[in-house]
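The structure under discussion appears below in the form of structure tokens.
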Amino acid sequence: MKRDLITSAIGIVVLTLLCGILYPLVITGISQVAFPGNANGQKLYVGGKLVGSKIIGQQFATQVVKHGKPQVDKNGNPVTTPDPRYFQSRPSATVPPYNAAATAFSNLGPNNTATEQEIAGNIQAYIALEKPYVPDLTAAKVPVDAATSSASGIDPDISVANADIQAHRIASVRHLSLTQVQKLISQYTHGRGLGFSGEPGVNVLALNLALDRVTGGH
């Protein structure tokens, strides 16, 4: 029995060194040399300042201020409202929204009351933001990705249909022509995964950074 215990202990130590230390170090080293951008999370910097990641969605919002006081919810999180100057990301189901440390989806059925209420709320918010610029916008015309969250809750992309609707608001608020905004959308639209998987998507962060470059952030 003593011999078995010693053998087991040696096996644990050796496998820990090989699989828990050596293998991760080798893979990390290879990835840092061969794919440094992907290995580090495809981070984006502006003027040397980290502004986000191409593969993690984020909010483009301003904090609500009432009577000169920034508003927070019961948990101490800032109460925000969408910034009309920017394309808005797909709704997030994480807490707080777009929390990369807690990616999650509700796992509730489509007929669940909570799911129905969440979708209805997302549609209502989308129409409230976009309808002033797209008068004929109705619930039936709201893209699916504007009404539902993704499986991860931090999807960095929106559909082309979603971006095309938001383009009207962006053009108006930023005093650009609709054609200018649509060209930017096309520039930051990527194709299907491996050429056949999923649908084309528009990277929201990259598109918003491009807008800031064009208009100087205004």
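Chain labels run A, B, ... following the order of the structure tokens; each chain numbers its residues from 1, and ligands are numbered from 1 in the order shown.
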
Contact residues around Val134 in chain A with only C-alpha atoms at 9 Å, ignoring same-chain residues under 3 positions, as number ranges by chain: A: 127, 130-131, 137, 165-166, 168-169

Residue contacts of range 85-101 of chain A (10 Å, only C-alpha atoms) excluding same-chain residues fewer than 2 positions away, as an MDAnalysis selection string: chainID A and resid 56:61 77:78 82:83 103:106 118:119 122 126 129 144:159 162:163 165:167 169:174 202:205 207:209 211:212 217:218

Expected answer as a PyMOL selection string: alpha helix (DSSP H) residues in range 61-208 of chain A: chain A and resi 113-130+144-147+160-174+178-187+204-208

For Ala206 in chain A: contacts at 7 Å, only C-alpha atoms, fewer than 4 positions along chain excluded, given as a ChimeraX atom specification: /A:54,188,210

Hey, can you spit out that residue selection with C-alpha atoms as a PDB file, in the first residue's frame?
ATOM      1  CA  LYS A  54     -13.032  43.540 -30.358  1.00  0.00           C
ATOM      2  CA  TYR A 188     -16.669  47.078 -40.302  1.00  0.00           C
ATOM      3  CA  ALA A 210     -14.250  54.895 -36.576  1.00  0.00           C
TER       4      ALA A 210
END

Within 7 Å of Val79 in chain A using only C-alpha atoms, minus same-chain residues under 3 positions, as a list in words: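 Once the nearby chain positions are removed, what remains is Gln63, Val64, Gln71, Val72 and Asp73 of chain A.
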